[in-house]
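Structure file model-v1.pdb with PDB, C-alpha atoms:
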ATOM      1  CA  MET A   1       0.000   0.000   0.000  1.00  0.00           C
ATOM      2  CA  PHE A   2       1.166   3.524  -0.760  1.00  0.00           C
ATOM      3  CA  ASN A   3       2.011   5.119   2.580  1.00  0.00           C
ATOM      4  CA  LEU A   4       0.753   8.693   2.612  1.00  0.00           C
ATOM      5  CA  THR A   5       3.108  10.689   4.844  1.00  0.00           C
ATOM      6  CA  LYS A   6       4.656  14.147   4.934  1.00  0.00           C
ATOM      7  CA  ASP A   7       7.601  12.718   2.948  1.00  0.00           C
ATOM      8  CA  THR A   8       5.467  11.026   0.250  1.00  0.00           C
ATOM      9  CA  LEU A   9       2.737  13.660  -0.107  1.00  0.00           C
ATOM     10  CA  LEU A  10       4.716  15.668  -2.694  1.00  0.00           C
ATOM     11  CA  LEU A  11       5.215  12.549  -4.846  1.00  0.00           C
ATOM     12  CA  PHE A  12       1.530  11.651  -4.547  1.00  0.00           C
ATOM     13  CA  LYS A  13       0.495  15.178  -5.563  1.00  0.00           C
ATOM     14  CA  SER A  14       2.602  14.768  -8.743  1.00  0.00           C
ATOM     15  CA  PHE A  15       0.036  12.227  -9.934  1.00  0.00           C
ATOM     16  CA  LYS A  16      -3.179  13.422 -11.567  1.00  0.00           C
ATOM     17  CA  PHE A  17      -6.306  11.279 -11.738  1.00  0.00           C
ATOM     18  CA  LYS A  18      -8.271  12.841 -14.589  1.00  0.00           C
ATOM     19  CA  ASN A  19     -11.929  11.955 -15.115  1.00  0.00           C
ATOM     20  CA  LEU A  20     -11.875   9.874 -11.927  1.00  0.00           C
ATOM     21  CA  LYS A  21     -15.209   8.134 -11.401  1.00  0.00           C
ATOM     22  CA  HIS A  22     -15.917   5.494  -8.782  1.00  0.00           C
ATOM     23  CA  PHE A  23     -18.638   3.653  -6.928  1.00  0.00           C
ATOM     24  CA  ASP A  24     -18.874   0.929  -4.317  1.00  0.00           C
ATOM     25  CA  THR A  25     -19.733  -2.600  -5.415  1.00  0.00           C
ATOM     26  CA  HIS A  26     -20.551  -5.797  -3.554  1.00  0.00           C
ATOM     27  CA  ASP A  27     -16.933  -7.006  -3.994  1.00  0.00           C
ATOM     28  CA  GLY A  28     -15.023  -3.734  -3.600  1.00  0.00           C
ATOM     29  CA  ILE A  29     -14.828  -0.495  -5.518  1.00  0.00           C
ATOM     30  CA  ALA A  30     -15.169   0.105  -9.241  1.00  0.00           C
ATOM     31  CA  TYR A  31     -13.318   2.986 -10.844  1.00  0.00           C
ATOM     32  CA  THR A  32     -12.026   4.459 -14.044  1.00  0.00           C
ATOM     33  CA  CYS A  33      -9.588   7.305 -14.696  1.00  0.00           C
ATOM     34  CA  GLU A  34      -6.724   8.599 -16.781  1.00  0.00           C
ATOM     35  CA  LEU A  35      -3.510   8.452 -14.727  1.00  0.00           C
ATOM     36  CA  TYR A  36      -0.904  11.175 -15.271  1.00  0.00           C
ATOM     37  CA  TYR A  37       2.426  11.945 -13.678  1.00  0.00           C
ATOM     38  CA  GLY A  38       2.816  15.689 -14.029  1.00  0.00           C
ATOM     39  CA  ASN A  39       1.693  16.368 -17.595  1.00  0.00           C
ATOM     40  CA  GLN A  40       2.655  12.931 -18.924  1.00  0.00           C
ATOM     41  CA  LYS A  41      -0.083  10.375 -19.338  1.00  0.00           C
ATOM     42  CA  ILE A  42       0.775   6.989 -17.890  1.00  0.00           C
ATOM     43  CA  ALA A  43      -2.369   4.998 -18.633  1.00  0.00           C
ATOM     44  CA  ASP A  44      -6.115   4.617 -18.803  1.00  0.00           C
ATOM     45  CA  VAL A  45      -7.122   2.666 -15.699  1.00  0.00           C
ATOM     46  CA  GLU A  46     -10.284   0.649 -15.034  1.00  0.00           C
ATOM     47  CA  ASN A  47     -11.369  -1.674 -12.267  1.00  0.00           C
ATOM     48  CA  ARG A  48     -14.812  -3.324 -12.443  1.00  0.00           C
ATOM     49  CA  GLY A  49     -15.026  -3.760  -8.675  1.00  0.00           C
ATOM     50  CA  ASP A  50     -15.565  -7.521  -8.920  1.00  0.00           C
ATOM     51  CA  GLY A  51     -12.394  -8.578  -7.094  1.00  0.00           C
ATOM     52  CA  GLY A  52     -10.494  -9.067 -10.348  1.00  0.00           C
ATOM     53  CA  MET A  53      -7.499  -7.382 -11.889  1.00  0.00           C
ATOM     54  CA  THR A  54      -7.233  -3.689 -12.677  1.00  0.00           C
ATOM     55  CA  ASP A  55      -7.143  -3.096 -16.436  1.00  0.00           C
ATOM     56  CA  ILE A  56      -4.290  -0.810 -17.458  1.00  0.00           C
ATOM     57  CA  ASP A  57      -3.907   0.538 -20.988  1.00  0.00           C
ATOM     58  CA  TYR A  58      -0.490   2.197 -20.981  1.00  0.00           C
ATOM     59  CA  SER A  59       0.194   5.245 -23.136  1.00  0.00           C
ATOM     60  CA  ASN A  60       3.378   5.406 -25.204  1.00  0.00           C
ATOM     61  CA  SER A  61       6.257   5.335 -22.690  1.00  0.00           C
ATOM     62  CA  GLY A  62       3.770   5.309 -19.774  1.00  0.00           C
ATOM     63  CA  GLU A  63       5.023   2.021 -18.382  1.00  0.00           C
ATOM     64  CA  ASP A  64       8.657   3.147 -18.715  1.00  0.00           C
ATOM     65  CA  LEU A  65       7.811   6.358 -16.851  1.00  0.00           C
ATOM     66  CA  LEU A  66       6.101   4.446 -14.044  1.00  0.00           C
ATOM     67  CA  ASN A  67       9.044   2.044 -13.789  1.00  0.00           C
ATOM     68  CA  SER A  68      11.448   4.986 -13.483  1.00  0.00           C
ATOM     69  CA  LEU A  69       9.647   6.365 -10.416  1.00  0.00           C
ATOM     70  CA  ASN A  70      10.602   5.135  -6.986  1.00  0.00           C
ATOM     71  CA  ILE A  71       7.129   4.797  -5.487  1.00  0.00           C
ATOM     72  CA  PRO A  72       7.459   3.872  -1.811  1.00  0.00           C
ATOM     73  CA  GLN A  73       5.246   1.112  -0.458  1.00  0.00           C
ATOM     74  CA  TYR A  74       4.146   0.557   3.113  1.00  0.00           C
ATOM     75  CA  TYR A  75       4.549  -3.226   2.885  1.00  0.00           C
ATOM     76  CA  THR A  76       7.303  -5.283   1.283  1.00  0.00           C
ATOM     77  CA  ASP A  77       6.821  -8.175  -1.150  1.00  0.00           C
ATOM     78  CA  GLU A  78       7.681 -10.573   1.671  1.00  0.00           C
ATOM     79  CA  GLU A  79       5.075  -9.116   4.044  1.00  0.00           C
ATOM     80  CA  LEU A  80       2.376  -9.293   1.385  1.00  0.00           C
ATOM     81  CA  GLY A  81       3.368 -12.712   0.101  1.00  0.00           C
ATOM     82  CA  PHE A  82       3.428 -11.593  -3.541  1.00  0.00           C
ATOM     83  CA  GLU A  83       5.411  -9.279  -5.789  1.00  0.00           C
ATOM     84  CA  ILE A  84       4.366  -5.640  -5.824  1.00  0.00           C
ATOM     85  CA  ASP A  85       3.955  -4.980  -9.542  1.00  0.00           C
ATOM     86  CA  ASN A  86       2.737  -1.982 -11.533  1.00  0.00           C
ATOM     87  CA  GLU A  87      -0.881  -3.168 -11.459  1.00  0.00           C
ATOM     88  CA  TYR A  88      -0.749  -3.225  -7.657  1.00  0.00           C
ATOM     89  CA  ILE A  89       0.965   0.188  -7.497  1.00  0.00           C
ATOM     90  CA  ILE A  90      -1.495   1.846  -9.901  1.00  0.00           C
ATOM     91  CA  SER A  91      -4.518   0.317  -8.146  1.00  0.00           C
ATOM     92  CA  ASP A  92      -3.185   1.524  -4.832  1.00  0.00           C
ATOM     93  CA  LEU A  93      -2.540   5.075  -6.067  1.00  0.00           C
ATOM     94  CA  VAL A  94      -6.046   5.346  -7.540  1.00  0.00           C
ATOM     95  CA  GLU A  95      -7.656   3.958  -4.381  1.00  0.00           C
ATOM     96  CA  VAL A  96      -5.738   6.459  -2.228  1.00  0.00           C
ATOM     97  CA  ALA A  97      -6.931   9.250  -4.583  1.00  0.00           C
ATOM     98  CA  ILE A  98     -10.525   8.045  -4.164  1.00  0.00           C
ATOM     99  CA  TRP A  99     -10.096   7.882  -0.393  1.00  0.00           C
ATOM    100  CA  ILE A 100      -8.777  11.469  -0.325  1.00  0.00           C
ATOM    101  CA  LYS A 101     -11.467  12.722  -2.718  1.00  0.00           C
ATOM    102  CA  ASP A 102     -14.183  11.270  -0.482  1.00  0.00           C
ATOM    103  CA  ALA A 103     -12.559  12.665   2.673  1.00  0.00           C
ATOM    104  CA  LEU A 104     -12.299  16.165   1.188  1.00  0.00           C
ATOM    105  CA  ARG A 105     -15.954  16.455   0.214  1.00  0.00           C
ATOM    106  CA  ASN A 106     -16.622  18.472   3.367  1.00  0.00           C
ATOM    107  CA  GLN A 107     -13.312  20.307   3.588  1.00  0.00           C
ATOM    108  CA  SER A 108     -15.018  23.672   4.081  1.00  0.00           C
ATOM    109  CA  LYS A 109     -16.355  22.301   7.370  1.00  0.00           C
ATOM    110  CA  SER A 110     -13.229  20.495   8.577  1.00  0.00           C
ATOM    111  CA  ILE A 111      -9.479  20.096   8.277  1.00  0.00           C
ATOM    112  CA  ILE A 112      -8.626  16.611   7.030  1.00  0.00           C
ATOM    113  CA  PHE A 113      -5.390  14.802   7.965  1.00  0.00           C
ATOM    114  CA  ALA A 114      -3.908  11.470   6.908  1.00  0.00           C
ATOM    115  CA  LYS A 115      -1.108   9.247   8.130  1.00  0.00           C
ATOM    116  CA  GLY A 116      -0.711   5.973   6.309  1.00  0.00           C
ATOM    117  CA  ASP A 117      -4.255   4.650   6.067  1.00  0.00           C
ATOM    118  CA  GLU A 118      -5.511   6.567   9.124  1.00  0.00           C
ATOM    119  CA  ILE A 119      -7.636   9.667   8.706  1.00  0.00           C
ATOM    120  CA  ARG A 120      -8.375  12.377  11.259  1.00  0.00           C
ATOM    121  CA  GLU A 121     -10.321  15.596  11.060  1.00  0.00           C
ATOM    122  CA  ILE A 122     -10.835  18.786  12.986  1.00  0.00           C
ATOM    123  CA  LYS A 123     -14.478  19.819  12.623  1.00  0.00           C
ATOM    124  CA  LEU A 124     -14.985  23.549  12.246  1.00  0.00           C
ATOM    125  CA  LYS A 125     -17.905  25.518  13.638  1.00  0.00           C
ATOM    126  CA  VAL A 126     -17.316  28.311  11.107  1.00  0.00           C
ATOM    127  CA  PRO A 127     -15.263  28.556   7.867  1.00  0.00           C
ATOM    128  CA  ILE A 128     -11.494  28.872   8.333  1.00  0.00           C
ATOM    129  CA  ASN A 129     -11.403  32.512   7.188  1.00  0.00           C
ATOM    130  CA  ARG A 130     -13.755  33.440  10.044  1.00  0.00           C
ATOM    131  CA  TYR A 131     -11.180  32.173  12.585  1.00  0.00           C
ATOM    132  CA  ALA A 132      -8.610  34.502  10.998  1.00  0.00           C
ATOM    133  CA  GLU A 133     -11.027  37.449  10.972  1.00  0.00           C
ATOM    134  CA  ALA A 134     -11.767  36.911  14.661  1.00  0.00           C
ATOM    135  CA  GLY A 135      -8.061  36.631  15.565  1.00  0.00           C
ATOM    136  CA  LYS A 136      -8.546  33.028  16.695  1.00  0.00           C
ATOM    137  CA  MET A 137      -6.256  31.200  14.229  1.00  0.00           C
ATOM    138  CA  SER A 138      -4.052  29.984  17.096  1.00  0.00           C
ATOM    139  CA  LEU A 139      -6.941  27.719  18.158  1.00  0.00           C
ATOM    140  CA  LEU A 140      -6.598  25.888  14.849  1.00  0.00           C
ATOM    141  CA  THR A 141      -2.849  26.149  14.334  1.00  0.00           C
ATOM    142  CA  ASP A 142      -2.144  24.563  17.727  1.00  0.00           C
ATOM    143  CA  LYS A 143      -4.359  21.569  16.878  1.00  0.00           C
ATOM    144  CA  VAL A 144      -2.866  21.296  13.384  1.00  0.00           C
ATOM    145  CA  LYS A 145       0.696  21.403  14.751  1.00  0.00           C
ATOM    146  CA  GLU A 146      -0.146  18.702  17.295  1.00  0.00           C
ATOM    147  CA  LEU A 147      -1.301  16.310  14.561  1.00  0.00           C
ATOM    148  CA  GLU A 148       1.575  17.217  12.222  1.00  0.00           C
ATOM    149  CA  ASP A 149       4.028  16.465  15.053  1.00  0.00           C
ATOM    150  CA  LYS A 150       2.490  12.974  15.174  1.00  0.00           C
ATOM    151  CA  GLY A 151       3.229  12.490  11.447  1.00  0.00           C
ATOM    152  CA  PHE A 152      -0.147  13.443   9.986  1.00  0.00           C
ATOM    153  CA  VAL A 153      -0.339  15.542   6.813  1.00  0.00           C
ATOM    154  CA  VAL A 154      -3.015  18.095   5.929  1.00  0.00           C
ATOM    155  CA  LEU A 155      -5.005  17.064   2.857  1.00  0.00           C
ATOM    156  CA  ASN A 156      -7.206  20.143   2.454  1.00  0.00           C
ATOM    157  CA  THR A 157      -6.855  21.998  -0.805  1.00  0.00           C
ATOM    158  CA  ASN A 158      -8.559  25.105   0.542  1.00  0.00           C
ATOM    159  CA  ILE A 159      -5.822  26.112   3.025  1.00  0.00           C
ATOM    160  CA  ASP A 160      -2.059  26.692   2.907  1.00  0.00           C
TER     161      ASP A 160
END
Represent the supplied structure as C-alpha cells.
Amino acid sequence: MFNLTKDTLLLFKSFKFKNLKHFDTHDGIAYTCELYYGNQKIADVENRGDGGMTDIDYSNSGEDLLNSLNIPQYYTDEELGFEIDNEYIISDLVEVAIWIKDALRNQSKSIIFAKGDEIREIKLKVPINRYAEAGKMSLLTDKVKELEDKGFVVLNTNID
C-alpha cells in the first residue's frame, strides 16, 4: 500500500487522476480514470469492482515512466506474500486518490489529515477565514501542529 506521509505527499500530488469516477460494489470499488504523472499520461485505468485485476492501458512510454519512479510502499513483497507490480501500485494510487477525494468532500467544514491509512479531522464551527477574521487562528494552528508532530499531513486543498 502507498504510505501517505509528509515525505510522500509531494510525490503523490505529482500524480493526476483525470476523469476519476468510482462507486462501491458488492466485492469492492469500481473505478475508471486517466492516470498522469505531471503532464505525462501513464495509462487509462479501469477496475470493475468484482475482485479481479485492474485493467491498465499504458500510453506510449507510460510504463517506462512508471518504472522509473521510486514509489514507496508501506509493505514489502515478503510481508504481502506476492510481488508488488505496476498493477498493484497503480490500483493503490487510484484507491488512495478516491479515499482522499471522499474525505475532502466536506473540507469547508473540517481540516482533514492522513497518516498511512488513518484519517483524522478537525471539525470547524465556522469557515477557516472566520477564525482569521476573529483573531482566533491559534486555536486551529495549535491543533494542526499537534497532529503534524504525530506524522499526519493536511489534505485540504482550501488552506495553505
Shell around range 100-103 of chain A at 10 Å using all atoms listed in the file, local window under 2 positions removed, as a count of residues only
19
Problem set entry | Lys18 in chain A environment, 10 Å, only C-alpha atoms, sequence neighbours closer than 5 positions dropped, as a list in words |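 Everything that qualifies: Thr32, Cys33, Glu34, Leu35, Tyr36, Lys41 and Asp44 of chain A.
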- Message: For a test of reading the model, state the distance in Å between CA of Pro127 in chain A and CA of Thr8 in chain A, rounded to one decimal.
- Response: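 Going from CA of Pro127 in chain A over to CA of Thr8 in chain A covers 28.2 Å.
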Correct to one decimal, the distance CA of Phe15 in chain A-CA of Asn39 in chain A is 8.9 Å
Using only C-alpha atoms, pick whichever of A:Leu4, A:Val45, A:Leu9, A:Leu65 has the shortest atom-to-atom distance to Lys21 in chain A.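 Of A:Leu4, A:Val45, A:Leu9, A:Leu65, the one nearest Lys21 in chain A is A:Val45, counting only C-alpha atoms.
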Which residues, named as in the file, does the PyMOL selection byres ((chain A and resi 138-140) around 12) pick out? Answer as number ranges by chain. A: 110-111, 121-137, 141-147, 159
With C-alpha atoms retained, write the just-selected residues as a short mmCIF file (atom, residue, chain, number, x, y, z; two decimals), in the frame of the given file.
data_model
loop_
_atom_site.label_atom_id
_atom_site.label_comp_id
_atom_site.auth_asym_id
_atom_site.auth_seq_id
_atom_site.Cartn_x
_atom_site.Cartn_y
_atom_site.Cartn_z
CA SER A 110 -13.23 20.50 8.58
CA ILE A 111 -9.48 20.10 8.28
CA GLU A 121 -10.32 15.60 11.06
CA ILE A 122 -10.84 18.79 12.99
CA LYS A 123 -14.48 19.82 12.62
CA LEU A 124 -14.98 23.55 12.25
CA LYS A 125 -17.90 25.52 13.64
CA VAL A 126 -17.32 28.31 11.11
CA PRO A 127 -15.26 28.56 7.87
CA ILE A 128 -11.49 28.87 8.33
CA ASN A 129 -11.40 32.51 7.19
CA ARG A 130 -13.76 33.44 10.04
CA TYR A 131 -11.18 32.17 12.58
CA ALA A 132 -8.61 34.50 11.00
CA GLU A 133 -11.03 37.45 10.97
CA ALA A 134 -11.77 36.91 14.66
CA GLY A 135 -8.06 36.63 15.56
CA LYS A 136 -8.55 33.03 16.70
CA MET A 137 -6.26 31.20 14.23
CA THR A 141 -2.85 26.15 14.33
CA ASP A 142 -2.14 24.56 17.73
CA LYS A 143 -4.36 21.57 16.88
CA VAL A 144 -2.87 21.30 13.38
CA LYS A 145 0.70 21.40 14.75
CA GLU A 146 -0.15 18.70 17.30
CA LEU A 147 -1.30 16.31 14.56
CA ILE A 159 -5.82 26.11 3.02
#
Exercise for review: Work out how far apart CA of Gly116 in chain A and CA of Thr5 in chain A are and give it in Å to one decimal.
Suggested key: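 For CA of Gly116 in chain A relative to CA of Thr5 in chain A, the distance reads 6.2 Å.
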For Gln40 in chain A, the nearest of the candidates A:Leu66, A:His22, A:Asp55, A:Leu93, counting all atoms listed in the file =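 Result for the nearest residue to Gln40 in chain A: A:Leu66.
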*Name the closest residue to Asp7 in chain A among the candidates A:Leu104, A:Asn86, A:Asn60, A:Pro72; distances are taken between atoms, counting only C-alpha atoms.*
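Checking each of A:Leu104, A:Asn86, A:Asn60, A:Pro72 against Asp7 in chain A, counting only C-alpha atoms, the winner is A:Pro72.
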Exercise for review: Write out as a VMD selection string which residues come within 10 Å of Ile71 in chain A when counting only C-alpha atoms, dropping same-chain ones fewer than 2 positions away.
Suggested key: chain A and resid 2 to 3 8 11 to 12 66 to 69 73 89 93
inquiry  = Let me make sure I understand: among A:Val154, A:Glu63, A:Lys16, A:Ser91, which one has the smallest atom-to-atom distance to Tyr31 in chain A if we use only C-alpha atoms?
reply    =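 For Tyr31 in chain A, the nearest of the given residues is A:Ser91.
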Could the centre and edge lengths of an axis-aligned box, enclosing all atoms of range 5-13 of chain A in the file with 5 Å extra on each side, be given in Å to one decimal as lines of an AutoDock Vina configuration file?
center_x = 4.0
center_y = 13.2
center_z = -0.3
size_x = 17.1
size_y = 15.0
size_z = 20.5
